[in-house]
Structures are given as structure tokens and as C-alpha cells.
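Next up, protein35.pdb (PDB, C-alpha atoms, pLDDT in the B column):
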```
ATOM      1  CA  MET A 211       6.019   0.593  19.514  1.00 60.00           C
ATOM      2  CA  SER A 212       3.920   3.769  19.534  1.00 80.00           C
ATOM      3  CA  ALA A 213       1.644   4.857  16.711  1.00 90.00           C
ATOM      4  CA  ILE A 214       3.141   6.768  13.794  1.00 94.00           C
ATOM      5  CA  THR A 215       1.712   9.303  11.369  1.00 95.00           C
ATOM      6  CA  PRO A 216       1.277   8.636   7.643  1.00 96.00           C
ATOM      7  CA  ASN A 217       4.263  10.910   6.920  1.00 96.00           C
ATOM      8  CA  GLN A 218       6.429   8.945   9.360  1.00 97.00           C
ATOM      9  CA  ALA A 219       5.360   5.673   7.696  1.00 97.00           C
ATOM     10  CA  ILE A 220       6.393   7.058   4.279  1.00 97.00           C
ATOM     11  CA  GLN A 221       9.787   8.123   5.645  1.00 98.00           C
ATOM     12  CA  ASN A 222      10.343   4.738   7.317  1.00 97.00           C
ATOM     13  CA  ILE A 223       9.507   2.896   4.094  1.00 98.00           C
ATOM     14  CA  LEU A 224      11.835   5.171   2.087  1.00 97.00           C
ATOM     15  CA  LYS A 225      14.691   4.331   4.479  1.00 97.00           C
ATOM     16  CA  GLU A 226      14.103   0.609   3.918  1.00 96.00           C
ATOM     17  CA  LEU A 227      13.329   0.772   0.179  1.00 96.00           C
ATOM     18  CA  PRO A 228      15.080   3.866  -1.212  1.00 95.00           C
ATOM     19  CA  SER A 229      14.719   2.700  -4.831  1.00 94.00           C
ATOM     20  CA  LEU A 230      10.928   2.302  -4.673  1.00 97.00           C
ATOM     21  CA  VAL A 231       8.817   3.724  -7.494  1.00 97.00           C
ATOM     22  CA  ALA A 232       6.096   5.218  -5.283  1.00 97.00           C
ATOM     23  CA  VAL A 233       4.434   4.860  -1.910  1.00 98.00           C
ATOM     24  CA  ALA A 234       1.281   6.320  -0.373  1.00 98.00           C
ATOM     25  CA  VAL A 235      -0.741   6.038   2.803  1.00 98.00           C
ATOM     26  CA  VAL A 236      -4.359   6.158   1.707  1.00 97.00           C
ATOM     27  CA  GLU A 237      -7.687   6.580   3.469  1.00 97.00           C
ATOM     28  CA  THR A 238      -9.701   3.526   2.403  1.00 96.00           C
ATOM     29  CA  GLU A 239     -13.128   5.185   2.400  1.00 95.00           C
ATOM     30  CA  THR A 240     -12.279   8.237   0.286  1.00 95.00           C
ATOM     31  CA  GLY A 241      -9.166   7.205  -1.619  1.00 95.00           C
ATOM     32  CA  MET A 242      -7.416  10.359  -0.475  1.00 95.00           C
ATOM     33  CA  PRO A 243      -3.687   9.995   0.109  1.00 96.00           C
ATOM     34  CA  LEU A 244      -2.714  11.139   3.603  1.00 97.00           C
ATOM     35  CA  ALA A 245       0.948  11.124   2.583  1.00 97.00           C
ATOM     36  CA  HIS A 246       2.753  10.058  -0.561  1.00 97.00           C
ATOM     37  CA  HIS A 247       6.106  10.022  -2.344  1.00 97.00           C
ATOM     38  CA  SER A 248       7.257   9.132  -5.833  1.00 97.00           C
ATOM     39  CA  ASN A 249      10.811   8.698  -7.091  1.00 97.00           C
ATOM     40  CA  LEU A 250       9.619   9.139 -10.686  1.00 96.00           C
ATOM     41  CA  ALA A 251       8.250  12.485 -11.840  1.00 94.00           C
ATOM     42  CA  SER A 252       6.032  10.655 -14.344  1.00 96.00           C
ATOM     43  CA  PHE A 253       4.405   8.445 -11.676  1.00 96.00           C
ATOM     44  CA  ASP A 254       1.464  10.202 -10.005  1.00 96.00           C
ATOM     45  CA  ALA A 255       1.130   8.558  -6.596  1.00 93.00           C
ATOM     46  CA  GLU A 256      -2.114  10.430  -5.861  1.00 93.00           C
ATOM     47  CA  THR A 257      -3.808   9.046  -8.973  1.00 95.00           C
ATOM     48  CA  ALA A 258      -2.476   5.559  -8.241  1.00 96.00           C
ATOM     49  CA  ALA A 259      -3.832   5.811  -4.692  1.00 94.00           C
ATOM     50  CA  ALA A 260      -7.307   6.709  -5.936  1.00 94.00           C
ATOM     51  CA  TYR A 261      -7.480   3.840  -8.428  1.00 96.00           C
ATOM     52  CA  ASN A 262      -6.063   1.313  -5.993  1.00 97.00           C
ATOM     53  CA  THR A 263      -8.708   2.304  -3.462  1.00 97.00           C
ATOM     54  CA  GLU A 264     -11.224   0.834  -5.890  1.00 97.00           C
ATOM     55  CA  VAL A 265      -9.249  -2.435  -5.974  1.00 97.00           C
ATOM     56  CA  VAL A 266      -9.407  -2.630  -2.164  1.00 96.00           C
ATOM     57  CA  LYS A 267     -13.109  -1.732  -2.019  1.00 96.00           C
ATOM     58  CA  GLN A 268     -14.061  -4.295  -4.663  1.00 97.00           C
ATOM     59  CA  LYS A 269     -12.145  -7.060  -2.899  1.00 96.00           C
ATOM     60  CA  LEU A 270     -13.846  -6.172   0.389  1.00 95.00           C
ATOM     61  CA  LYS A 271     -17.238  -6.328  -1.369  1.00 96.00           C
ATOM     62  CA  ALA A 272     -16.380  -9.715  -2.870  1.00 97.00           C
ATOM     63  CA  ILE A 273     -15.419 -11.102   0.542  1.00 96.00           C
ATOM     64  CA  GLN A 274     -18.717  -9.844   1.950  1.00 96.00           C
ATOM     65  CA  ALA A 275     -20.797 -11.167  -0.990  1.00 98.00           C
ATOM     66  CA  LEU A 276     -19.205 -14.595  -0.646  1.00 98.00           C
ATOM     67  CA  LYS A 277     -19.829 -14.515   3.115  1.00 97.00           C
ATOM     68  CA  LEU A 278     -16.201 -15.329   3.786  1.00 97.00           C
ATOM     69  CA  ASP A 279     -14.949 -14.993   7.329  1.00 95.00           C
ATOM     70  CA  GLN A 280     -11.681 -13.533   6.052  1.00 93.00           C
ATOM     71  CA  THR A 281      -9.676 -10.323   6.137  1.00 90.00           C
ATOM     72  CA  ILE A 282      -7.296  -9.020   3.519  1.00 92.00           C
ATOM     73  CA  GLN A 283      -3.650  -9.574   4.421  1.00 90.00           C
ATOM     74  CA  ASP A 284      -2.331  -7.790   1.358  1.00 95.00           C
ATOM     75  CA  ILE A 285      -3.065  -7.493  -2.344  1.00 97.00           C
ATOM     76  CA  LEU A 286      -0.300  -8.076  -4.865  1.00 97.00           C
ATOM     77  CA  LEU A 287      -0.500  -6.839  -8.445  1.00 97.00           C
ATOM     78  CA  THR A 288       2.300  -8.128 -10.638  1.00 96.00           C
ATOM     79  CA  LEU A 289       3.015  -5.970 -13.680  1.00 96.00           C
ATOM     80  CA  THR A 290       5.584  -6.541 -16.411  1.00 97.00           C
ATOM     81  CA  ASP A 291       8.466  -5.122 -14.377  1.00 96.00           C
ATOM     82  CA  GLN A 292       6.813  -3.748 -11.263  1.00 96.00           C
ATOM     83  CA  LEU A 293       5.162  -5.088  -8.137  1.00 97.00           C
ATOM     84  CA  HIS A 294       2.310  -3.138  -6.575  1.00 97.00           C
ATOM     85  CA  LEU A 295       1.396  -4.050  -2.998  1.00 98.00           C
ATOM     86  CA  LEU A 296      -1.616  -2.898  -0.997  1.00 98.00           C
ATOM     87  CA  LYS A 297      -1.560  -3.502   2.764  1.00 97.00           C
ATOM     88  CA  LEU A 298      -4.506  -2.562   4.973  1.00 95.00           C
ATOM     89  CA  SER A 299      -4.182  -1.251   8.510  1.00 93.00           C
ATOM     90  CA  ALA A 300      -5.591  -3.401  11.313  1.00 89.00           C
ATOM     91  CA  ASP A 301      -8.904  -1.513  11.351  1.00 90.00           C
ATOM     92  CA  GLY A 302      -9.075  -1.293   7.555  1.00 91.00           C
ATOM     93  CA  GLY A 303      -9.409   2.490   7.637  1.00 94.00           C
ATOM     94  CA  LYS A 304      -6.138   3.085   5.811  1.00 96.00           C
ATOM     95  CA  PHE A 305      -3.849   1.190   3.508  1.00 97.00           C
ATOM     96  CA  ILE A 306      -0.319   1.573   2.268  1.00 98.00           C
ATOM     97  CA  TYR A 307       0.198   1.413  -1.471  1.00 98.00           C
ATOM     98  CA  LEU A 308       3.715   0.516  -2.621  1.00 98.00           C
ATOM     99  CA  ALA A 309       5.069   0.282  -6.163  1.00 97.00           C
ATOM    100  CA  VAL A 310       8.556  -1.157  -6.699  1.00 97.00           C
ATOM    101  CA  ASN A 311      10.632  -2.421  -9.597  1.00 96.00           C
ATOM    102  CA  SER A 312      10.507  -6.204  -9.451  1.00 95.00           C
ATOM    103  CA  ARG A 313      14.189  -6.552 -10.371  1.00 94.00           C
ATOM    104  CA  ASP A 314      15.263  -4.278  -7.464  1.00 91.00           C
ATOM    105  CA  THR A 315      13.071  -5.522  -4.627  1.00 93.00           C
ATOM    106  CA  ASN A 316      12.635  -8.743  -2.711  1.00 93.00           C
ATOM    107  CA  LEU A 317       8.867  -9.363  -2.394  1.00 94.00           C
ATOM    108  CA  ALA A 318       9.133 -10.955   1.052  1.00 95.00           C
ATOM    109  CA  MET A 319      11.102  -7.971   2.335  1.00 95.00           C
ATOM    110  CA  ALA A 320       8.617  -5.487   0.889  1.00 96.00           C
ATOM    111  CA  ARG A 321       5.731  -7.363   2.519  1.00 96.00           C
ATOM    112  CA  GLN A 322       7.484  -7.365   5.910  1.00 96.00           C
ATOM    113  CA  ILE A 323       8.208  -3.640   5.697  1.00 97.00           C
ATOM    114  CA  LEU A 324       4.566  -2.864   4.907  1.00 97.00           C
ATOM    115  CA  LYS A 325       3.365  -5.199   7.657  1.00 96.00           C
ATOM    116  CA  SER A 326       5.543  -3.458  10.245  1.00 96.00           C
ATOM    117  CA  GLN A 327       4.402   0.007   9.156  1.00 96.00           C
ATOM    118  CA  THR A 328       0.674  -0.760   8.973  1.00 95.00           C
ATOM    119  CA  ALA A 329       0.864  -2.361  12.434  1.00 93.00           C
ATOM    120  CA  VAL A 330       1.788   0.991  13.992  1.00 92.00           C
ATOM    121  CA  LEU A 331       0.026   3.368  11.616  1.00 90.00           C
ATOM    122  CA  ASN A 332      -2.147   5.970  13.335  1.00 79.00           C
TER     123      ASN A 332
END
```
The structure in this file should be written as C-alpha cells.
Amino acid sequence: MSAITPNQAIQNILKELPSLVAVAVVETETGMPLAHHSNLASFDAETAAAYNTEVVKQKLKAIQALKLDQTIQDILLTLTDQLHLLKLSADGGKFIYLAVNSRDTNLAMARQILKSQTAVLN
């Protein structure tokens, strides 16, 4: 499969998870969203992307401080009625942030969708 743009990744995820809350492709270093979409007017995907960049950066620092020979597969944040998933690209330069309603989404399916999209993300 050939590489896809951040906008294409967002569109592919929307096809698979049309009821998602929000999704963004984010540059890990700066926290800037390269593409984003929200199904709720009150949910600011750009702000969420910026704050979740800090989650990714802190986890990467912890792995380094502990001298672990590990990479992040994904990060799951479980809220009262939402799941927030962060999935890094192979080189770690980008990540996909996904927020879904926990009652509407199968976690395993959401993880597989993010895995497939980060694998081909340009």
C-alpha cells in the first residue's frame, strides 16, 4: 500500500468510524495538527491535539529515563464515556489522535483502524 496524506488518513478513519467524536493527525514535535475533524462543534480537535502531544512526549521521556528498550504501540485514555487513543507512526514523527464514545465503538476495531492508517501515513 502506498503512503497517504494526513487528510486521506482522516477520511479513511471517518469511513470506518463515522460516529467518532474527533480525530487528528498530529506532528509529534510541535503538536500542530496536520489534519483534523470533529463531529461535535464543542470539541476542539486542535486543542486536544496540542494537549495530547504532551502526553506522548512525557511517555517518550519516561521510556528514555528508565532506559527501556521499548517503543510506544498506542496510548489509551479511558474517560467516563469516551476512549481516547494515540497511535504513533513508525518513525514517531506523527501520531493519530482518536476520540470515540465508548458505548459506540469496539476498542479492538479502533486500534486496528489506527494501526492500518499509521502504517501508511506519509
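When only C-alpha atoms are used to measure the gap to Asp291 in chain A, the shortest distance among A:Lys271, A:Arg313, A:Lys304, A:Lys277 belongs to A:Arg313.
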Evaluate the PyMOL selection byres ((chain A and resi 248) around 9) and record the selected residues as a PyMOL selection string, following the chain and residue labels used in the document.
chain A and resi 230-234+246-247+249-255
Given the file shown, enumerate the residues that the PyMOL selection byres ((chain A and resi 258-261) around 8) captures and present them as a ChimeraX atom specification.
/A:234,236,241-243,254-257,262-265,307
Run through the PyMOL selection byres ((chain A and resi 330) around 7) on the given coordinates and return the selected residues as an MDAnalysis selection string.
chainID A and resid 211:214 326:329 331:332
Quick one: residues within 12 Å of Ala320 in chain A, only C-alpha atoms counted, chain neighbours fewer than 5 positions away excluded, as a PyMOL selection string?
chain A and resi 223-224+226-230+233+284+286+293-297+306-312+314-315+325-327
Could you jot down the CA of Gly302 in chain A to CA of Val266 in chain A separation for me, Å, one decimal place?
9.8 Å
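The closest residue to Leu244 in chain A, picked from A:Lys225, A:Ile282, A:Gly303, A:Leu287 and counting only C-alpha atoms, is A:Gly303.
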Output range 260-271 of chain A with all heavy atoms present, as an mmCIF file, in the frame of the given file.
```cif
data_model
loop_
_atom_site.group_PDB
_atom_site.id
_atom_site.type_symbol
_atom_site.label_atom_id
_atom_site.label_comp_id
_atom_site.auth_asym_id
_atom_site.auth_seq_id
_atom_site.Cartn_x
_atom_site.Cartn_y
_atom_site.Cartn_z
ATOM 1 N N ALA A 260 -5.866 6.674 -5.685
ATOM 2 C CA ALA A 260 -7.307 6.709 -5.936
ATOM 3 C C ALA A 260 -7.779 5.440 -6.652
ATOM 4 O O ALA A 260 -8.777 4.820 -6.247
ATOM 5 C CB ALA A 260 -7.657 7.941 -6.756
ATOM 6 N N TYR A 261 -7.075 5.042 -7.689
ATOM 7 C CA TYR A 261 -7.480 3.840 -8.428
ATOM 8 C C TYR A 261 -7.311 2.577 -7.598
ATOM 9 O O TYR A 261 -8.137 1.656 -7.670
ATOM 10 C CB TYR A 261 -6.713 3.722 -9.749
ATOM 11 C CG TYR A 261 -7.289 4.606 -10.825
ATOM 12 C CD1 TYR A 261 -6.642 5.773 -11.208
ATOM 13 C CD2 TYR A 261 -8.485 4.272 -11.454
ATOM 14 C CE1 TYR A 261 -7.174 6.591 -12.195
ATOM 15 C CE2 TYR A 261 -9.020 5.074 -12.438
ATOM 16 C CZ TYR A 261 -8.365 6.234 -12.810
ATOM 17 O OH TYR A 261 -8.893 7.047 -13.775
ATOM 18 N N ASN A 262 -6.271 2.503 -6.811
ATOM 19 C CA ASN A 262 -6.063 1.313 -5.993
ATOM 20 C C ASN A 262 -7.045 1.224 -4.837
ATOM 21 O O ASN A 262 -7.293 0.138 -4.317
ATOM 22 C CB ASN A 262 -4.608 1.222 -5.533
ATOM 23 C CG ASN A 262 -3.741 0.700 -6.650
ATOM 24 O OD1 ASN A 262 -3.849 -0.454 -7.030
ATOM 25 N ND2 ASN A 262 -2.905 1.555 -7.206
ATOM 26 N N THR A 263 -7.628 2.333 -4.450
ATOM 27 C CA THR A 263 -8.708 2.304 -3.462
ATOM 28 C C THR A 263 -9.868 1.479 -3.993
ATOM 29 O O THR A 263 -10.490 0.708 -3.254
ATOM 30 C CB THR A 263 -9.172 3.739 -3.135
ATOM 31 O OG1 THR A 263 -8.069 4.455 -2.592
ATOM 32 C CG2 THR A 263 -10.324 3.732 -2.139
ATOM 33 N N GLU A 264 -10.147 1.612 -5.280
ATOM 34 C CA GLU A 264 -11.224 0.834 -5.890
ATOM 35 C C GLU A 264 -10.913 -0.658 -5.871
ATOM 36 O O GLU A 264 -11.819 -1.483 -5.682
ATOM 37 C CB GLU A 264 -11.502 1.319 -7.311
ATOM 38 C CG GLU A 264 -12.088 2.720 -7.355
ATOM 39 C CD GLU A 264 -13.335 2.879 -6.487
ATOM 40 O OE1 GLU A 264 -14.233 2.012 -6.559
ATOM 41 O OE2 GLU A 264 -13.405 3.859 -5.728
ATOM 42 N N VAL A 265 -9.651 -1.029 -6.054
ATOM 43 C CA VAL A 265 -9.249 -2.435 -5.974
ATOM 44 C C VAL A 265 -9.559 -2.972 -4.570
ATOM 45 O O VAL A 265 -10.158 -4.039 -4.418
ATOM 46 C CB VAL A 265 -7.747 -2.611 -6.298
ATOM 47 C CG1 VAL A 265 -7.283 -4.034 -6.016
ATOM 48 C CG2 VAL A 265 -7.451 -2.209 -7.732
ATOM 49 N N VAL A 266 -9.173 -2.217 -3.550
ATOM 50 C CA VAL A 266 -9.407 -2.630 -2.164
ATOM 51 C C VAL A 266 -10.908 -2.744 -1.892
ATOM 52 O O VAL A 266 -11.381 -3.751 -1.351
ATOM 53 C CB VAL A 266 -8.739 -1.655 -1.174
ATOM 54 C CG1 VAL A 266 -9.165 -1.951 0.259
ATOM 55 C CG2 VAL A 266 -7.222 -1.711 -1.304
ATOM 56 N N LYS A 267 -11.668 -1.730 -2.280
ATOM 57 C CA LYS A 267 -13.109 -1.732 -2.019
ATOM 58 C C LYS A 267 -13.806 -2.905 -2.709
ATOM 59 O O LYS A 267 -14.686 -3.548 -2.121
ATOM 60 C CB LYS A 267 -13.739 -0.415 -2.478
ATOM 61 C CG LYS A 267 -13.440 0.752 -1.569
ATOM 62 C CD LYS A 267 -14.133 1.992 -2.091
ATOM 63 C CE LYS A 267 -13.962 3.167 -1.173
ATOM 64 N NZ LYS A 267 -14.685 4.352 -1.683
ATOM 65 N N GLN A 268 -13.430 -3.189 -3.943
ATOM 66 C CA GLN A 268 -14.061 -4.295 -4.663
ATOM 67 C C GLN A 268 -13.735 -5.640 -4.025
ATOM 68 O O GLN A 268 -14.588 -6.529 -3.954
ATOM 69 C CB GLN A 268 -13.671 -4.271 -6.143
ATOM 70 C CG GLN A 268 -14.254 -3.096 -6.902
ATOM 71 C CD GLN A 268 -15.769 -3.020 -6.801
ATOM 72 O OE1 GLN A 268 -16.476 -4.017 -6.959
ATOM 73 N NE2 GLN A 268 -16.279 -1.836 -6.522
ATOM 74 N N LYS A 269 -12.508 -5.796 -3.560
ATOM 75 C CA LYS A 269 -12.145 -7.060 -2.899
ATOM 76 C C LYS A 269 -12.908 -7.210 -1.589
ATOM 77 O O LYS A 269 -13.368 -8.310 -1.254
ATOM 78 C CB LYS A 269 -10.635 -7.137 -2.665
ATOM 79 C CG LYS A 269 -10.189 -8.513 -2.235
ATOM 80 C CD LYS A 269 -10.527 -9.535 -3.311
ATOM 81 C CE LYS A 269 -10.452 -10.949 -2.813
ATOM 82 N NZ LYS A 269 -10.979 -11.901 -3.801
ATOM 83 N N LEU A 270 -13.067 -6.122 -0.853
ATOM 84 C CA LEU A 270 -13.846 -6.172 0.389
ATOM 85 C C LEU A 270 -15.306 -6.530 0.105
ATOM 86 O O LEU A 270 -15.922 -7.316 0.832
ATOM 87 C CB LEU A 270 -13.751 -4.835 1.138
ATOM 88 C CG LEU A 270 -12.391 -4.523 1.761
ATOM 89 C CD1 LEU A 270 -12.348 -3.082 2.246
ATOM 90 C CD2 LEU A 270 -12.057 -5.491 2.878
ATOM 91 N N LYS A 271 -15.863 -5.994 -0.978
ATOM 92 C CA LYS A 271 -17.238 -6.328 -1.369
ATOM 93 C C LYS A 271 -17.350 -7.798 -1.759
ATOM 94 O O LYS A 271 -18.335 -8.461 -1.423
ATOM 95 C CB LYS A 271 -17.690 -5.454 -2.545
ATOM 96 C CG LYS A 271 -18.047 -4.044 -2.164
ATOM 97 C CD LYS A 271 -18.506 -3.264 -3.400
ATOM 98 C CE LYS A 271 -18.765 -1.823 -3.071
ATOM 99 N NZ LYS A 271 -19.145 -1.046 -4.280
#
```
